[in-house]
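Shown next: coords30.cif, given as mmCIF, C-alpha atoms and all ligand atoms.
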data_final
#
loop_
_atom_site.group_PDB
_atom_site.id
_atom_site.type_symbol
_atom_site.label_atom_id
_atom_site.label_comp_id
_atom_site.auth_asym_id
_atom_site.auth_seq_id
_atom_site.Cartn_x
_atom_site.Cartn_y
_atom_site.Cartn_z
ATOM 1 C CA MET A 16 9.675 -10.994 4.983
ATOM 2 C CA LYS A 17 6.908 -8.418 4.805
ATOM 3 C CA VAL A 18 7.730 -4.851 5.770
ATOM 4 C CA LYS A 19 4.938 -2.311 5.969
ATOM 5 C CA LEU A 20 5.677 1.392 5.887
ATOM 6 C CA LEU A 21 2.902 2.505 8.208
ATOM 7 C CA CYS A 22 0.563 5.369 7.322
ATOM 8 C CA SER A 23 0.416 8.407 9.562
ATOM 9 C CA SER A 24 -2.180 10.672 7.984
ATOM 10 C CA VAL A 25 -5.889 11.193 8.589
ATOM 11 C CA GLY A 26 -8.082 11.821 5.559
ATOM 12 C CA VAL A 27 -7.070 11.712 1.933
ATOM 13 C CA ASP A 28 -3.747 9.935 1.657
ATOM 14 C CA GLU A 29 -1.459 11.877 -0.658
ATOM 15 C CA GLY A 30 1.586 9.833 0.217
ATOM 16 C CA HIS A 31 2.683 12.133 3.001
ATOM 17 C CA GLN A 32 4.446 10.566 5.929
ATOM 18 C CA PHE A 33 4.334 12.689 9.060
ATOM 19 C CA LEU A 34 5.467 9.983 11.471
ATOM 20 C CA MET A 35 7.862 7.075 10.956
ATOM 21 C CA SER A 36 7.288 3.404 11.685
ATOM 22 C CA TYR A 37 7.904 0.123 9.903
ATOM 23 C CA LEU A 38 6.148 -3.120 10.784
ATOM 24 C CA VAL A 39 7.882 -6.419 10.017
ATOM 25 C CA ASP A 40 5.548 -9.416 9.552
ATOM 26 C CA ASP A 41 3.037 -7.712 11.908
ATOM 27 C CA VAL A 42 5.118 -8.542 15.004
ATOM 28 C CA LEU A 43 8.270 -6.429 15.031
ATOM 29 C CA ALA A 44 8.236 -2.645 14.780
ATOM 30 C CA ILE A 45 11.051 -0.312 13.885
ATOM 31 C CA ASP A 46 10.164 3.065 15.403
ATOM 32 C CA ALA A 47 6.844 3.978 16.928
ATOM 33 C CA GLY A 48 5.658 7.069 15.077
ATOM 34 C CA SER A 49 2.216 5.646 14.304
ATOM 35 C CA ILE A 50 2.009 2.069 15.655
ATOM 36 C CA GLY A 51 -0.352 3.328 18.388
ATOM 37 C CA MET A 52 -2.809 4.403 15.671
ATOM 38 C CA LEU A 53 -3.121 0.995 14.019
ATOM 39 C CA SER A 54 -6.709 -0.106 13.765
ATOM 40 C CA PRO A 55 -8.244 -2.459 14.707
ATOM 41 C CA PRO A 56 -6.278 -2.484 17.996
ATOM 42 C CA THR A 57 -5.751 -6.248 17.686
ATOM 43 C CA LEU A 58 -3.056 -5.301 15.143
ATOM 44 C CA GLN A 59 -1.240 -3.491 17.964
ATOM 45 C CA ASP A 60 -1.579 -6.519 20.263
ATOM 46 C CA LYS A 61 0.520 -8.532 17.802
ATOM 47 C CA ILE A 62 3.532 -6.226 18.165
ATOM 48 C CA GLN A 63 5.894 -7.690 20.732
ATOM 49 C CA ASP A 64 9.173 -5.927 19.983
ATOM 50 C CA VAL A 65 9.837 -2.282 19.146
ATOM 51 C CA PHE A 66 13.257 -1.017 18.066
ATOM 52 C CA LEU A 67 13.744 2.739 18.341
ATOM 53 C CA SER A 68 16.171 4.569 16.061
ATOM 54 C CA HIS A 69 16.194 7.674 18.259
ATOM 55 C CA ALA A 70 13.889 9.731 20.446
ATOM 56 C CA HIS A 71 12.807 12.445 18.016
ATOM 57 C CA ILE A 72 9.049 12.808 18.202
ATOM 58 C CA ASP A 73 8.297 11.675 14.624
ATOM 59 C CA HIS A 74 9.794 8.284 15.595
ATOM 60 C CA ILE A 75 8.231 7.827 19.056
ATOM 61 C CA ALA A 76 5.044 9.917 18.935
ATOM 62 C CA SER A 77 2.547 7.089 19.381
ATOM 63 C CA LEU A 78 4.641 4.913 21.726
ATOM 64 C CA PRO A 79 2.650 5.951 24.860
ATOM 65 C CA ILE A 80 -0.643 5.375 23.055
ATOM 66 C CA PHE A 81 0.547 1.960 21.857
ATOM 67 C CA LEU A 82 1.671 0.942 25.365
ATOM 68 C CA ASP A 83 -1.708 2.026 26.761
ATOM 69 C CA ASN A 84 -3.589 0.131 24.082
ATOM 70 C CA VAL A 85 -1.803 -3.198 24.610
ATOM 71 C CA TYR A 86 -1.738 -3.072 28.439
ATOM 72 C CA ARG A 87 -4.192 -5.594 29.953
ATOM 73 C CA PRO A 88 -2.595 -5.865 32.661
ATOM 74 C CA SER A 89 -0.595 -9.059 32.428
ATOM 75 C CA PRO A 90 2.975 -10.163 33.061
ATOM 76 C CA ALA A 91 3.644 -9.897 29.314
ATOM 77 C CA SER A 92 4.550 -6.511 27.900
ATOM 78 C CA PRO A 93 6.277 -5.217 24.784
ATOM 79 C CA MET A 94 10.064 -5.067 24.716
ATOM 80 C CA ILE A 95 11.405 -1.644 23.729
ATOM 81 C CA TYR A 96 14.949 -1.602 22.347
ATOM 82 C CA GLY A 97 17.013 1.551 22.151
ATOM 83 C CA SER A 98 20.405 3.078 22.770
ATOM 84 C CA ARG A 99 21.259 4.287 26.260
ATOM 85 C CA ALA A 100 20.647 7.842 25.039
ATOM 86 C CA THR A 101 17.238 6.995 23.562
ATOM 87 C CA LEU A 102 16.032 5.092 26.632
ATOM 88 C CA SER A 103 17.300 7.900 28.855
ATOM 89 C CA SER A 104 15.364 10.402 26.764
ATOM 90 C CA LEU A 105 12.204 8.291 27.067
ATOM 91 C CA ARG A 106 12.554 8.352 30.849
ATOM 92 C CA GLY A 107 13.473 11.989 31.277
ATOM 93 C CA ASP A 108 11.656 13.741 28.473
ATOM 94 C CA PHE A 109 8.576 11.625 27.780
ATOM 95 C CA PHE A 110 7.477 9.260 30.565
ATOM 96 C CA ASN A 111 8.072 11.840 33.278
ATOM 97 C CA ASP A 112 4.535 12.218 34.715
ATOM 98 C CA ARG A 113 4.201 15.569 32.912
ATOM 99 C CA VAL A 114 4.105 14.654 29.240
ATOM 100 C CA TRP A 115 2.843 11.146 30.070
ATOM 101 C CA PRO A 116 2.663 8.969 33.204
ATOM 102 C CA ASP A 117 5.984 7.488 34.241
ATOM 103 C CA LEU A 118 5.452 4.005 32.838
ATOM 104 C CA PHE A 119 8.907 2.980 34.039
ATOM 105 C CA ARG A 120 7.952 3.644 37.677
ATOM 106 C CA LEU A 121 4.552 1.988 37.244
ATOM 107 C CA SER A 122 6.187 -1.024 35.603
ATOM 108 C CA ALA A 123 8.546 -1.431 38.556
ATOM 109 C CA THR A 124 5.760 -1.819 41.114
ATOM 110 C CA GLU A 125 2.796 -3.176 39.137
ATOM 111 C CA THR A 126 2.443 -5.443 36.107
ATOM 112 C CA PRO A 127 4.737 -3.948 33.478
ATOM 113 C CA PHE A 128 3.671 -1.601 30.715
ATOM 114 C CA LEU A 129 6.972 -2.136 28.971
ATOM 115 C CA ARG A 130 10.336 -3.793 29.244
ATOM 116 C CA THR A 131 13.470 -2.199 27.859
ATOM 117 C CA GLN A 132 16.710 -3.520 26.447
ATOM 118 C CA GLU A 133 19.701 -1.332 25.715
ATOM 119 C CA ILE A 134 21.288 -2.007 22.344
ATOM 120 C CA GLU A 135 24.683 -0.972 21.003
ATOM 121 C CA SER A 136 25.968 -0.108 17.572
ATOM 122 C CA GLY A 137 27.279 -3.133 15.714
ATOM 123 C CA LYS A 138 25.892 -5.669 18.202
ATOM 124 C CA THR A 139 23.251 -7.880 16.598
ATOM 125 C CA VAL A 140 20.138 -8.706 18.616
ATOM 126 C CA ASP A 141 18.270 -11.976 18.004
ATOM 127 C CA VAL A 142 14.490 -11.633 18.315
ATOM 128 C CA GLY A 143 12.649 -14.809 17.399
ATOM 129 C CA ARG A 144 13.683 -15.564 13.838
ATOM 130 C CA TYR A 145 14.912 -12.036 13.230
ATOM 131 C CA ARG A 146 18.432 -10.702 13.530
ATOM 132 C CA VAL A 147 18.488 -6.943 14.051
ATOM 133 C CA THR A 148 21.775 -5.056 13.821
ATOM 134 C CA PRO A 149 21.735 -1.421 14.979
ATOM 135 C CA VAL A 150 24.402 0.828 13.482
ATOM 136 C CA GLU A 151 25.184 4.361 14.608
ATOM 137 C CA LEU A 152 24.203 6.988 12.038
ATOM 138 C CA ASN A 153 25.165 10.658 11.855
ATOM 139 C CA HIS A 154 22.309 12.739 13.297
ATOM 140 C CA VAL A 155 21.870 15.501 15.890
ATOM 141 C CA VAL A 156 21.210 12.944 18.643
ATOM 142 C CA PRO A 157 22.594 9.395 18.870
ATOM 143 C CA THR A 158 20.623 7.521 16.201
ATOM 144 C CA PHE A 159 20.638 3.976 14.901
ATOM 145 C CA GLY A 160 20.008 2.684 11.430
ATOM 146 C CA PHE A 161 19.087 -0.982 11.273
ATOM 147 C CA VAL A 162 19.850 -4.025 9.174
ATOM 148 C CA VAL A 163 17.162 -6.667 9.678
ATOM 149 C CA SER A 164 17.381 -10.286 8.518
ATOM 150 C CA ASP A 165 15.046 -13.254 8.895
ATOM 151 C CA GLY A 166 17.521 -15.831 7.631
ATOM 152 C CA GLU A 167 16.144 -15.702 4.093
ATOM 153 C CA ALA A 168 16.305 -11.984 3.271
ATOM 154 C CA SER A 169 17.644 -8.749 4.693
ATOM 155 C CA PHE A 170 16.757 -5.086 4.419
ATOM 156 C CA ALA A 171 18.210 -1.876 5.796
ATOM 157 C CA ILE A 172 16.785 1.359 7.191
ATOM 158 C CA VAL A 173 19.100 4.364 6.938
ATOM 159 C CA SER A 174 17.247 7.242 8.636
ATOM 160 C CA ASP A 175 17.629 9.796 10.203
ATOM 161 C CA THR A 176 21.091 10.788 9.093
ATOM 162 C CA SER A 177 23.451 13.096 7.266
ATOM 163 C CA PRO A 178 26.146 11.439 5.124
ATOM 164 C CA THR A 179 27.402 8.328 6.890
ATOM 165 C CA ASP A 180 29.592 5.284 6.247
ATOM 166 C CA GLU A 181 29.436 2.475 8.805
ATOM 167 C CA ILE A 182 25.859 1.393 8.029
ATOM 168 C CA TRP A 183 26.801 0.858 4.381
ATOM 169 C CA LYS A 184 29.528 -1.606 5.353
ATOM 170 C CA VAL A 185 27.011 -3.611 7.389
ATOM 171 C CA THR A 186 24.347 -3.303 4.694
ATOM 172 C CA ASN A 187 26.712 -4.420 1.911
ATOM 173 C CA ALA A 188 27.669 -7.477 3.979
ATOM 174 C CA ALA A 189 24.084 -8.451 4.834
ATOM 175 C CA PRO A 190 23.012 -11.878 3.513
ATOM 176 C CA ASN A 191 20.476 -11.712 0.667
ATOM 177 C CA LEU A 192 19.930 -7.970 0.871
ATOM 178 C CA ARG A 193 16.643 -7.142 -0.866
ATOM 179 C CA GLY A 194 16.067 -3.453 -0.222
ATOM 180 C CA CYS A 195 17.085 -0.316 1.573
ATOM 181 C CA PHE A 196 15.015 2.539 2.989
ATOM 182 C CA LEU A 197 17.004 5.776 2.792
ATOM 183 C CA GLU A 198 15.971 9.210 3.960
ATOM 184 C CA ALA A 199 15.623 12.274 1.720
ATOM 185 C CA SER A 200 14.286 15.011 3.970
ATOM 186 C CA PHE A 201 14.836 18.410 2.332
ATOM 187 C CA PRO A 202 15.165 19.752 -1.232
ATOM 188 C CA ASN A 203 18.619 20.751 -2.456
ATOM 189 C CA ARG A 204 17.911 24.472 -2.027
ATOM 190 C CA MET A 205 17.510 23.820 1.697
ATOM 191 C CA ASP A 206 20.885 22.163 2.101
ATOM 192 C CA TRP A 207 21.619 24.687 4.871
ATOM 193 C CA LEU A 208 18.809 23.193 6.969
ATOM 194 C CA ALA A 209 19.781 19.624 6.074
ATOM 195 C CA VAL A 210 23.296 20.415 7.340
ATOM 196 C CA LYS A 211 22.048 21.975 10.570
ATOM 197 C CA SER A 212 19.458 19.277 11.295
ATOM 198 C CA MET A 213 21.729 16.493 9.995
ATOM 199 C CA HIS A 214 19.492 15.109 7.266
ATOM 200 C CA LEU A 215 19.929 14.372 3.544
ATOM 201 C CA THR A 216 18.910 16.258 0.410
ATOM 202 C CA PRO A 217 18.438 14.424 -2.921
ATOM 203 C CA ALA A 218 22.011 15.400 -3.901
ATOM 204 C CA LYS A 219 23.343 13.847 -0.712
ATOM 205 C CA PHE A 220 20.955 10.903 -1.108
ATOM 206 C CA ALA A 221 22.717 10.186 -4.411
ATOM 207 C CA GLY A 222 26.063 10.261 -2.616
ATOM 208 C CA GLU A 223 24.838 7.674 -0.128
ATOM 209 C CA VAL A 224 23.451 5.419 -2.871
ATOM 210 C CA LEU A 225 26.974 5.267 -4.368
ATOM 211 C CA LYS A 226 28.107 3.547 -1.165
ATOM 212 C CA LEU A 227 25.573 0.730 -1.655
ATOM 213 C CA GLN A 228 27.306 -2.065 -3.572
ATOM 214 C CA VAL A 229 24.313 -4.384 -3.951
ATOM 215 C CA ASP A 230 21.779 -4.055 -6.774
ATOM 216 C CA VAL A 231 18.566 -3.626 -4.755
ATOM 217 C CA PRO A 232 15.717 -1.087 -4.616
ATOM 218 C CA VAL A 233 16.484 2.068 -2.664
ATOM 219 C CA ILE A 234 13.254 3.392 -1.201
ATOM 220 C CA ALA A 235 13.170 7.113 -0.377
ATOM 221 C CA VAL A 236 11.518 7.875 2.962
ATOM 222 C CA HIS A 237 11.310 10.659 5.557
ATOM 223 C CA ILE A 238 10.437 13.227 2.893
ATOM 224 C CA LYS A 239 9.298 16.412 4.652
ATOM 225 C CA PRO A 240 5.660 16.874 3.566
ATOM 226 C CA ALA A 241 6.019 20.641 3.014
ATOM 227 C CA PHE A 242 8.713 20.054 0.381
ATOM 228 C CA ARG A 243 7.533 16.732 -1.031
ATOM 229 C CA ALA A 244 7.005 17.941 -4.619
ATOM 230 C CA SER A 245 10.496 19.465 -4.856
ATOM 231 C CA VAL A 246 12.180 16.481 -3.229
ATOM 232 C CA LEU A 247 10.389 14.036 -5.538
ATOM 233 C CA ALA A 248 11.336 16.050 -8.648
ATOM 234 C CA GLU A 249 14.979 16.221 -7.558
ATOM 235 C CA LEU A 250 15.077 12.520 -6.696
ATOM 236 C CA GLN A 251 13.588 11.583 -10.085
ATOM 237 C CA SER A 252 16.095 13.798 -11.899
ATOM 238 C CA LEU A 253 18.959 11.778 -10.411
ATOM 239 C CA GLY A 254 18.173 8.997 -12.891
ATOM 240 C CA LEU A 255 18.897 6.296 -10.336
ATOM 241 C CA PRO A 256 17.655 2.991 -11.804
ATOM 242 C CA ASN A 257 16.859 1.453 -8.418
ATOM 243 C CA LEU A 258 15.027 4.431 -6.941
ATOM 244 C CA LYS A 259 11.572 3.905 -5.459
ATOM 245 C CA ILE A 260 9.536 6.461 -3.568
ATOM 246 C CA GLY A 261 8.266 5.161 -0.254
ATOM 247 C CA GLU A 262 4.518 4.653 -0.205
ATOM 248 C CA PRO A 263 2.981 4.873 3.266
ATOM 249 C CA GLY A 264 0.571 2.004 3.779
ATOM 250 C CA ARG A 265 2.382 -0.227 1.314
ATOM 251 C CA GLU A 266 3.676 -3.619 2.346
ATOM 252 C CA TYR A 267 7.038 -4.448 0.797
ATOM 253 C CA THR A 268 7.998 -8.094 0.368
ATOM 254 C CA PHE A 269 11.697 -8.804 0.695
HETATM 255 ZN ZN ZN A 301 15.569 12.802 13.860
HETATM 256 ZN ZN ZN A 302 12.798 11.865 11.798
#
As structure tokens:
Amino acid sequence: MKVKLLCSSVGVDEGHQFLMSYLVDDVLAIDAGSIGMLSPPTLQDKIQDVFLSHAHIDHIASLPIFLDNVYRPSPASPMIYGSRATLSSLRGDFFNDRVWPDLFRLSATETPFLRTQEIESGKTVDVGRYRVTPVELNHVVPTFGFVVSDGEASFAIVSDTSPTDEIWKVTNAAPNLRGCFLEASFPNRMDWLAVKSMHLTPAKFAGEVLKLQVDVPVIAVHIKPAFRASVLAELQSLGLPNLKIGEPGREYTF
């Protein structure tokens, strides 16, 4: 299974990730931070299913652009998966004819721009050959982490969250786990902001890694660009043998 951590910067790429999205084998996206910026646009046409962790803008920013880019019109349209809270936020806060046209209303009367499917924590969704299990994390809005399997390998995404437990049980039980993306947003000196915004610091990242019982790479993601140097130094000083720093644009093979 190939998992690409999509880029989200224009110009010289210094490893910063401003927006979050992962692309599995070119066809399944987790979050939509930058999928609408993929070029050439034929790469966007391949994406049929999009799972949303939550409705914070760094995870959905390019969703309207993506839906515009792949609309032909035709009876086929991408399936957007999210919690009731996330889908409700899309309707009320995003596709409300002010921020962006109400694609839900347009889809009801014309050929659809999108289809939606509500997903629940702990209930696995089968999409083609993929099994996607959303698990509630611990963030300021209802947020899912995901464990994704293709029958041969599995990987987990644990972001955005403060310290959490349930996802680790599901991750530890996943068949042939090969890797885990884990957030590390703020440096340790900004623990106060990590607490308030319900994110992790490197110290708390280390606490989460202790809950992982499988010997696989742990890939640090969601590092706030303004504090990247501090976060990287603190992560490296943890001495974790399995630590990798997420590289936007890189395709990971699991
Ligand atoms: Zn968030
Ligand atoms: Zn985020």
Explicit residue set for the PyMOL selection byres (((chain A and resi 64) around 6) and not hetatm), as a list of chain:residue names: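 So the PyMOL selection byres (((chain A and resi 64) around 6) and not hetatm), applied here, picks out A:Leu43, A:Ile62, A:Gln63, A:Val65, A:Pro93, A:Met94.
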Output for the residues just chosen: C-alpha atoms as an mmCIF file, in the frame of the given file:
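The file below, selection-v3.cif, is the result:
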data_model
loop_
_atom_site.group_PDB
_atom_site.id
_atom_site.type_symbol
_atom_site.label_atom_id
_atom_site.label_comp_id
_atom_site.auth_asym_id
_atom_site.auth_seq_id
_atom_site.Cartn_x
_atom_site.Cartn_y
_atom_site.Cartn_z
ATOM 1 C CA LEU A 43 8.270 -6.429 15.031
ATOM 2 C CA ILE A 62 3.532 -6.226 18.165
ATOM 3 C CA GLN A 63 5.894 -7.690 20.732
ATOM 4 C CA VAL A 65 9.837 -2.282 19.146
ATOM 5 C CA PRO A 93 6.277 -5.217 24.784
ATOM 6 C CA MET A 94 10.064 -5.067 24.716
#
Once the PyMOL selection byres (((chain A and resi 179-186) around 12) and not hetatm) is applied to the coordinates I shared, what remains selected? I want it as a PDB file with C-alpha atoms, keeping the file's coordinate frame.
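As a result, expr20.pdb now contains:
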ATOM      1  CA  SER A 136      25.968  -0.108  17.572  1.00  0.00           C
ATOM      2  CA  GLY A 137      27.279  -3.133  15.714  1.00  0.00           C
ATOM      3  CA  LYS A 138      25.892  -5.669  18.202  1.00  0.00           C
ATOM      4  CA  THR A 139      23.251  -7.880  16.598  1.00  0.00           C
ATOM      5  CA  VAL A 147      18.488  -6.943  14.051  1.00  0.00           C
ATOM      6  CA  THR A 148      21.775  -5.056  13.821  1.00  0.00           C
ATOM      7  CA  PRO A 149      21.735  -1.421  14.979  1.00  0.00           C
ATOM      8  CA  VAL A 150      24.402   0.828  13.482  1.00  0.00           C
ATOM      9  CA  GLU A 151      25.184   4.361  14.608  1.00  0.00           C
ATOM     10  CA  LEU A 152      24.203   6.988  12.038  1.00  0.00           C
ATOM     11  CA  ASN A 153      25.165  10.658  11.855  1.00  0.00           C
ATOM     12  CA  HIS A 154      22.309  12.739  13.297  1.00  0.00           C
ATOM     13  CA  THR A 158      20.623   7.521  16.201  1.00  0.00           C
ATOM     14  CA  PHE A 159      20.638   3.976  14.901  1.00  0.00           C
ATOM     15  CA  GLY A 160      20.008   2.684  11.430  1.00  0.00           C
ATOM     16  CA  PHE A 161      19.087  -0.982  11.273  1.00  0.00           C
ATOM     17  CA  VAL A 162      19.850  -4.025   9.174  1.00  0.00           C
ATOM     18  CA  VAL A 163      17.162  -6.667   9.678  1.00  0.00           C
ATOM     19  CA  SER A 164      17.381 -10.286   8.518  1.00  0.00           C
ATOM     20  CA  ALA A 168      16.305 -11.984   3.271  1.00  0.00           C
ATOM     21  CA  SER A 169      17.644  -8.749   4.693  1.00  0.00           C
ATOM     22  CA  PHE A 170      16.757  -5.086   4.419  1.00  0.00           C
ATOM     23  CA  ALA A 171      18.210  -1.876   5.796  1.00  0.00           C
ATOM     24  CA  ILE A 172      16.785   1.359   7.191  1.00  0.00           C
ATOM     25  CA  VAL A 173      19.100   4.364   6.938  1.00  0.00           C
ATOM     26  CA  SER A 174      17.247   7.242   8.636  1.00  0.00           C
ATOM     27  CA  ASP A 175      17.629   9.796  10.203  1.00  0.00           C
ATOM     28  CA  THR A 176      21.091  10.788   9.093  1.00  0.00           C
ATOM     29  CA  SER A 177      23.451  13.096   7.266  1.00  0.00           C
ATOM     30  CA  PRO A 178      26.146  11.439   5.124  1.00  0.00           C
ATOM     31  CA  ASN A 187      26.712  -4.420   1.911  1.00  0.00           C
ATOM     32  CA  ALA A 188      27.669  -7.477   3.979  1.00  0.00           C
ATOM     33  CA  ALA A 189      24.084  -8.451   4.834  1.00  0.00           C
ATOM     34  CA  PRO A 190      23.012 -11.878   3.513  1.00  0.00           C
ATOM     35  CA  ASN A 191      20.476 -11.712   0.667  1.00  0.00           C
ATOM     36  CA  LEU A 192      19.930  -7.970   0.871  1.00  0.00           C
ATOM     37  CA  ARG A 193      16.643  -7.142  -0.866  1.00  0.00           C
ATOM     38  CA  GLY A 194      16.067  -3.453  -0.222  1.00  0.00           C
ATOM     39  CA  CYS A 195      17.085  -0.316   1.573  1.00  0.00           C
ATOM     40  CA  PHE A 196      15.015   2.539   2.989  1.00  0.00           C
ATOM     41  CA  LEU A 197      17.004   5.776   2.792  1.00  0.00           C
ATOM     42  CA  GLU A 198      15.971   9.210   3.960  1.00  0.00           C
ATOM     43  CA  MET A 213      21.729  16.493   9.995  1.00  0.00           C
ATOM     44  CA  HIS A 214      19.492  15.109   7.266  1.00  0.00           C
ATOM     45  CA  LEU A 215      19.929  14.372   3.544  1.00  0.00           C
ATOM     46  CA  LYS A 219      23.343  13.847  -0.712  1.00  0.00           C
ATOM     47  CA  PHE A 220      20.955  10.903  -1.108  1.00  0.00           C
ATOM     48  CA  GLY A 222      26.063  10.261  -2.616  1.00  0.00           C
ATOM     49  CA  GLU A 223      24.838   7.674  -0.128  1.00  0.00           C
ATOM     50  CA  VAL A 224      23.451   5.419  -2.871  1.00  0.00           C
ATOM     51  CA  LEU A 225      26.974   5.267  -4.368  1.00  0.00           C
ATOM     52  CA  LYS A 226      28.107   3.547  -1.165  1.00  0.00           C
ATOM     53  CA  LEU A 227      25.573   0.730  -1.655  1.00  0.00           C
ATOM     54  CA  GLN A 228      27.306  -2.065  -3.572  1.00  0.00           C
ATOM     55  CA  VAL A 229      24.313  -4.384  -3.951  1.00  0.00           C
ATOM     56  CA  ASP A 230      21.779  -4.055  -6.774  1.00  0.00           C
ATOM     57  CA  VAL A 231      18.566  -3.626  -4.755  1.00  0.00           C
TER      58      VAL A 231
END
Close residues to ligand ZN 302 (chain A) using all atoms listed in the file, limit 7 Å, as a PyMOL selection string: chain A and resi 35+71+73-74+175+237
Result set of the PyMOL selection byres (((chain A and resi 200) around 6) and not hetatm) on the coordinates above, as a list in words: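 This file, filtered by the PyMOL selection byres (((chain A and resi 200) around 6) and not hetatm), leaves Ala199, Phe201, Leu215, Thr216, His237, Ile238 and Lys239 of chain A.
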CA of Glu135 in chain A to CA of Ser49 in chain A, distance in Å rounded to a single decimal: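 Between these atoms lies a distance of 24.4 Å.
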A:Ile234, A:Pro263, A:Thr131, A:Ser104 ranked by distance to Ser36 in chain A, top pick (using only C-alpha atoms):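 Once distances to Ser36 in chain A are computed over only C-alpha atoms, the minimum belongs to A:Pro263.
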Non-local contacts of range 16-19 of chain A (8 Å; all atoms listed in the file; under 2 positions in same chain excluded) as a list in words: Leu21, Tyr37, Leu38, Val39, Asp40, Asp165, Ala168, Pro263, Gly264, Arg265, Glu266, Tyr267, Thr268 and Phe269 of chain A
Two-atom distance - CA of Gly166 in chain A, CA of Phe66 in chain A (Å):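 Between these atoms lies a distance of 18.6 Å.
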Selected residue, from A:Leu102, A:Ala244, A:Leu121, A:His69, that lies nearest to Pro157 in chain A when counting only C-alpha atoms: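 Nearest to Pro157 in chain A: A:His69.
Minimum distance to Val42 in chain A across A:Gly107, A:Gly143, A:Gly97, A:Pro56 (counting only C-alpha atoms) occurs at A:Gly143.
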Nearest to ligand ZN 301 (chain A) by atom-to-atom distance, counting only C-alpha atoms and all ligand atoms, from A:Val156, A:Ala44, A:Cys22, A:Val114: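 Of all the options, A:Val156 lies closest to ligand ZN 301 (chain A).
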Minimum-distance residue to Asn203 in chain A, chosen among A:Val236, A:Leu250, A:Ala241, A:Ile45 (using only C-alpha atoms):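 Closest residue, counting only C-alpha atoms: A:Leu250.
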Å distance separating CA of Ile95 in chain A from CA of Glu167 in chain A, one decimal place: 24.6 Å
For Leu105 in chain A: contacts at 10 Å, only C-alpha atoms, fewer than 2 positions along chain excluded, given as a list in words: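 The residues satisfying every condition are His69, Ala70, His71, Ile75, Leu78, Gly97, Arg99, Ala100, Thr101, Leu102, Ser103, Gly107, Asp108, Phe109, Phe110, Asn111, Asp117, Leu118 and Phe119 of chain A.
Distance annotation: of A:Tyr145, A:Phe128, A:Phe242, A:Phe33, the residue with the minimal separation from Ser92 in chain A is A:Phe128; atom set is all atoms listed in the file.
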Protein and nucleic acid residues near (-2.3, -5.5, 29.6) (cut-off 12 Å, only C-alpha atoms) as an MDAnalysis selection string: chainID A and resid 59:60 81:93 122 125:129
